[in-house]
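Chemist: Okay, here's the structure, questions in a sec.
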There are 2 protein chains.
Amino acid sequence: MQEAAAELGYTASPAASRLATGRTMTVAIVVPVLAKWFFGKTIGAATQELRNTGYDVLLYELATPGQRERFFGSPRLHGRSDGVIVIALQPGKKELESLASQGQAVALLGAEGPGIGSVSVDNVGAGRDAVRHLLNLGHERVAFIGIRDEEGSNLGGVPPRQRLIGYRKALVEAGLAREGVLEQFDENSVGGGAAAMSRLLVAARAPTAAFVASDEMAFGALMVLRRAGLDVPRDFSVLGFDNHELCEVLGLTTMDHDVAGQGQDAARLLLDTMNGGQPRSLGRPARLVIRESTAPPRVLRKNSTAQPDLPATF
Amino acid sequence: MQEAAAELGYTASPAASRLATGRTMTVAIVVPVLAKWFFGKTIGAATQELRNTGYDVLLYELATPGQRERFFGSPRLHGRSDGVIVIALQPGKKELESLASQGQAVALLGAEGPGIGSVSVDNVGAGRDAVRHLLNLGHERVAFIGIRDEEGSNLGGVPPRQRLIGYRKALVEAGLAREGVLEQFDENSVGGGAAAMSRLLVAARAPTAAFVASDEMAFGALMVLRRAGLDVPRDFSVLGFDNHELCEVLGLTTMDHDVAGQGQDAARLLLDTMNGGQPRSLGRPARLVIRESTAPPRVLRKNSTAQPDLPATF
DNA sequence: CTGAAAGCGCTTACAG
DNA sequence: CTGAAAGCGCTTACAG
């Protein structure tokens, strides 16, 4: 019957059926930024999954703290969606209460909450694995470039913090001391990564390798290194995070973690919850993808593989 | 009154007011892919503009011809949105009729339609300017790498085709013959650009420069060139399109065209139309941004600047 | 100018 | 099993 009607170009008025049933058959997706590869990818995967189940998707970009406040401070979603996927934004207690009071089912991606379905990568483990790779190559001064998590930025969130923890863990396990100057934070962008790397290079004793918490920042780091006349990986090793599609072009060693899969999982978790299922928390593995941006430090290599002489600037 | 009510956490039921007024206060945005920089950027800008005016935004990703058919073949938007922004998809006559019959106002981005508001770049002019830059440097065999526009891909659209026209125009104006082998098309991605460049390199008489219709394809082209042992720009010049944020990292000369501005314009055009204004067509300028991927061809430079000897492989 | 009533187009519980 | 009625929560045209 419904199918036959649809063939004839008829659709039930969504407004009327929403009013009658109280269900909107739409899901909201909330992200801190749209114009980034990671978010396009996760939203795309979640959207496809949702649409296959007959849901429409409403999009909310919370680019500033003000927007975030307004969004959670008002019943914006009430009557507009049945559930919401929050990506890369760690909602506070108040914010979760706000969503609940609006009758929203919730699923988190790259964040966690008590009794709430979530998908995330084992960022501590991934960070540790990344740094171990550098350590195993023989690096002794390994820096960390992280995503700044200050007031004014929504982008920090849990995963970047966990990657830092993984970094420190790996150092401790290797018996290395942690140094403040080796931990640099900036905004999650090419420019931010460039700025952070610049700061590392002027340090009294510069590191020989860096684990960077996002590929985009790593790209900026590579740029600064190149402009400083340093060769990667001969003079400096860089390891990123995300396996951005341009990693191959730039030869960046990175941690891969199935970004689209996480978007799809988040959608499924939300659908489950809306159908009365118990909220679950999914962990996604990350794995090291070795390309051309990591190698043993110069000192070691000199002994082993007889490299040509280095330029005088070095 | 409404503000006071909002403070108290009260909102009018959207479903009820939609039913009563017939207006949904939401706009749909339709794109062929989400996980690309260009689309994130335009959607983000449009979304912000729309939200400032009190509109919600529904997102539709039409990734396959099947999805496109289903979307336009059913009254999907009827009663769900008041208007729609179609990005980088050239709607056919039937498709436009479908939208109109669903009571949708329409604005196009990167496409055009009779009596329909639209924003686009002067792609013919931009393509011509790009190729002229290469020609002015002294290149005589300039290739074009374009976005494939075949069945099975929605991504072709008008702009890529217009860039090809601009390319041909510049050649004609310079008195150069057009050659089929120098025009290569592939999918709009790093991989597609790489494949197209590989084909150019095996041509009987390989070109010395290429104008590539998108930066992402250009990145793939750079990768292939590097792997083939060719130096850019010494052995080969590459010129892209979009001014992707990674152009600076890769030193890619490209055509810049304010992507976010186009998204914002499209939203404004739609809002105007929904308020009874006449649909307008906006043209956005593109401008050449010279970086390190373009230079005179080897032959010329040899005479003028006494380059060191080239490797034997060349 | 204020306030009660009709109506938007569905769904669902209920009467027949 | 079928069909008429009530009700979802607004807006708006109309009566007072």
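So you can find residues: chains in the structure tokens are A, B, ... in the order shown, residues in each start at 1, and ligands are numbered from 1 in order.
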Would you list the contacts of Ser214 of chain A as a PyMOL selection string, taking every protein, DNA or RNA residue within 7 Å and counting only C-alpha atoms (C1' of nucleotides), but skipping same-chain residues closer than 4 positions in sequence?
Modeler: chain A and resi 218+240-242
Chemist: Since we have the selection now, will you write its residues out, keeping C-alpha atoms, as a compact mmCIF listing (two decimals), in the first residue's frame?
Modeler:
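Generated file (part35.txt):
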```txt
# COMPACT_ATOMS: atom_id res chain seq x y z
CA ALA A 218 51.97 16.26 10.56
CA GLY A 240 51.10 10.96 12.10
CA PHE A 241 47.64 9.80 13.04
CA ASP A 242 44.53 9.03 10.92
```
Chemist: Taking only C-alpha atoms into account, which residues of chain B are within 9 Å of chain A, as a PyMOL selection string?
Modeler: chain B and resi 6-7+9-19+22+24+28+33-44+47-48+51+56-61+73-76+78-80+190+216+219-220+222-224+245-246+248-250
Chemist: If you count only C-alpha atoms (C1' of nucleotides), which residues fall within 10 Å of segment 287-300 of chain B, apart from same-chain ones fewer than 5 positions away, as an NGL selection string?
Modeler: :B and (125-126 or 129-130 or 133-141 or 207-210 or 222 or 231-243 or 247-248 or 250-258 or 305-307 or 310)
Chemist: Which parts of segment 17-199 of chain B does DSSP call helix (DSSP H, G or I) when run on the backbone here, written out as a VMD selection string?
Modeler: chain B and resid 17 to 21 37 to 52 65 to 73 93 to 101 123 to 136 158 to 173 180 to 182 190 to 199
Chemist: For chain D against chain A, which residues fall within 12 Å using only C-alpha atoms (C1' of nucleotides), given as a list in words?
Modeler: DA6, DG7, DC8, DG9 and DC10 of chain D
Chemist: What is the distance, in Å and to one decimal place, between atom CA of Asn123 of chain A and atom CA of His244 of chain A?
Modeler: 16.5 Å
Chemist: Apply DSSP to the structure's backbone, then extract all residues of segment 135-231 of chain B labelled strand (DSSP E or B) and return them as a tab-separated table (two decimals) with all heavy atoms, in the first residue's frame.
Modeler:
```
chain	number	residue	atom	x	y	z
B	142	VAL	N	51.50	20.99	-23.36
B	142	VAL	CA	50.79	21.09	-22.08
B	142	VAL	C	49.61	20.12	-22.06
B	142	VAL	O	48.78	20.14	-22.96
B	142	VAL	CB	50.28	22.53	-21.86
B	142	VAL	CG1	49.47	22.61	-20.57
B	142	VAL	CG2	51.44	23.52	-21.84
B	143	ALA	N	49.57	19.28	-21.05
B	143	ALA	CA	48.48	18.30	-20.96
B	143	ALA	C	47.35	18.82	-20.07
B	143	ALA	O	47.51	19.79	-19.32
B	143	ALA	CB	49.02	16.99	-20.37
B	144	PHE	N	46.21	18.16	-20.20
B	144	PHE	CA	45.08	18.46	-19.33
B	144	PHE	C	44.66	17.18	-18.62
B	144	PHE	O	44.45	16.15	-19.26
B	144	PHE	CB	43.91	19.00	-20.16
B	144	PHE	CG	42.65	19.23	-19.35
B	144	PHE	CD1	42.53	20.36	-18.54
B	144	PHE	CD2	41.59	18.33	-19.38
B	144	PHE	CE1	41.38	20.59	-17.80
B	144	PHE	CE2	40.43	18.55	-18.64
B	144	PHE	CZ	40.34	19.69	-17.85
B	145	ILE	N	44.56	17.24	-17.30
B	145	ILE	CA	44.03	16.09	-16.56
B	145	ILE	C	42.69	16.52	-15.99
B	145	ILE	O	42.61	17.46	-15.20
B	145	ILE	CB	44.99	15.65	-15.44
B	145	ILE	CG1	46.27	15.08	-16.07
B	145	ILE	CG2	44.33	14.61	-14.54
B	145	ILE	CD1	47.28	14.57	-15.06
B	146	GLY	N	41.64	15.84	-16.43
B	146	GLY	CA	40.29	16.26	-16.06
B	146	GLY	C	39.53	15.21	-15.26
B	146	GLY	O	39.98	14.08	-15.09
B	147	ILE	N	38.37	15.64	-14.80
B	147	ILE	CA	37.52	14.76	-14.01
B	147	ILE	C	36.60	13.99	-14.95
B	147	ILE	O	35.90	14.57	-15.76
B	147	ILE	CB	36.69	15.59	-13.00
B	147	ILE	CG1	37.65	16.32	-12.05
B	147	ILE	CG2	35.73	14.70	-12.24
B	147	ILE	CD1	36.98	17.36	-11.18
B	183	GLU	N	44.95	14.83	-23.37
B	183	GLU	CA	43.77	15.04	-22.52
B	183	GLU	C	43.40	13.74	-21.84
B	183	GLU	O	42.92	12.81	-22.47
B	183	GLU	CB	42.59	15.55	-23.36
B	183	GLU	CG	42.84	16.92	-23.97
B	183	GLU	CD	41.70	17.39	-24.87
B	183	GLU	OE1	40.70	16.64	-25.02
B	183	GLU	OE2	41.80	18.49	-25.43
B	184	GLN	N	43.65	13.68	-20.56
B	184	GLN	CA	43.39	12.45	-19.81
B	184	GLN	C	42.34	12.71	-18.74
B	184	GLN	O	42.39	13.72	-18.04
B	184	GLN	CB	44.68	11.94	-19.16
B	184	GLN	CG	45.71	11.45	-20.16
B	184	GLN	CD	45.27	10.17	-20.87
B	184	GLN	OE1	44.41	9.43	-20.39
B	184	GLN	NE2	45.87	9.93	-22.04
B	185	PHE	N	41.41	11.76	-18.59
B	185	PHE	CA	40.36	11.93	-17.59
B	185	PHE	C	40.35	10.77	-16.63
B	185	PHE	O	40.65	9.64	-16.99
B	185	PHE	CB	38.99	12.03	-18.29
B	185	PHE	CG	38.95	13.18	-19.27
B	185	PHE	CD1	39.42	13.03	-20.56
B	185	PHE	CD2	38.49	14.42	-18.85
B	185	PHE	CE1	39.41	14.10	-21.45
B	185	PHE	CE2	38.47	15.49	-19.73
B	185	PHE	CZ	38.94	15.33	-21.03
B	186	ASP	N	40.01	11.08	-15.40
B	186	ASP	CA	39.91	10.01	-14.41
B	186	ASP	C	39.07	10.49	-13.25
B	186	ASP	O	38.55	11.60	-13.26
B	186	ASP	CB	41.31	9.58	-13.93
B	186	ASP	CG	41.38	8.08	-13.69
B	186	ASP	OD1	40.63	7.60	-12.82
B	186	ASP	OD2	42.17	7.41	-14.37
B	209	ALA	N	54.28	19.77	-19.08
B	209	ALA	CA	53.48	20.45	-18.05
B	209	ALA	C	52.04	19.95	-18.13
B	209	ALA	O	51.61	19.46	-19.17
B	209	ALA	CB	53.50	21.96	-18.27
B	210	ALA	N	51.32	20.06	-17.01
B	210	ALA	CA	49.92	19.66	-17.02
B	210	ALA	C	49.09	20.61	-16.17
B	210	ALA	O	49.52	21.02	-15.08
B	210	ALA	CB	49.76	18.23	-16.52
B	211	PHE	N	47.92	20.94	-16.70
B	211	PHE	CA	46.92	21.65	-15.92
B	211	PHE	C	45.94	20.58	-15.43
B	211	PHE	O	45.36	19.85	-16.23
B	211	PHE	CB	46.21	22.69	-16.80
B	211	PHE	CG	44.93	23.22	-16.21
B	211	PHE	CD1	44.86	23.61	-14.87
B	211	PHE	CD2	43.79	23.37	-17.00
B	211	PHE	CE1	43.68	24.11	-14.32
B	211	PHE	CE2	42.61	23.87	-16.45
B	211	PHE	CZ	42.56	24.23	-15.12
B	212	VAL	N	45.79	20.49	-14.12
B	212	VAL	CA	44.95	19.43	-13.54
B	212	VAL	C	43.70	20.06	-12.94
B	212	VAL	O	43.78	21.03	-12.18
B	212	VAL	CB	45.73	18.67	-12.45
B	212	VAL	CG1	44.95	17.46	-11.99
B	212	VAL	CG2	47.10	18.24	-12.98
```
Chemist: Which residues, written as a PyMOL selection string, have at least one atom at most 12 Å from DA5 of chain D, with only C-alpha atoms (C1' of nucleotides) counted and residues fewer than 5 positions away on the same chain left out?
Modeler: chain C and resi 11-15
Chemist: How far is it from atom CA of Ile116 of chain A to atom CA of Gly66 of chain A, in Å with one decimal?
Modeler: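 Separation between atom CA of Ile116 of chain A and atom CA of Gly66 of chain A: 24.8 Å.
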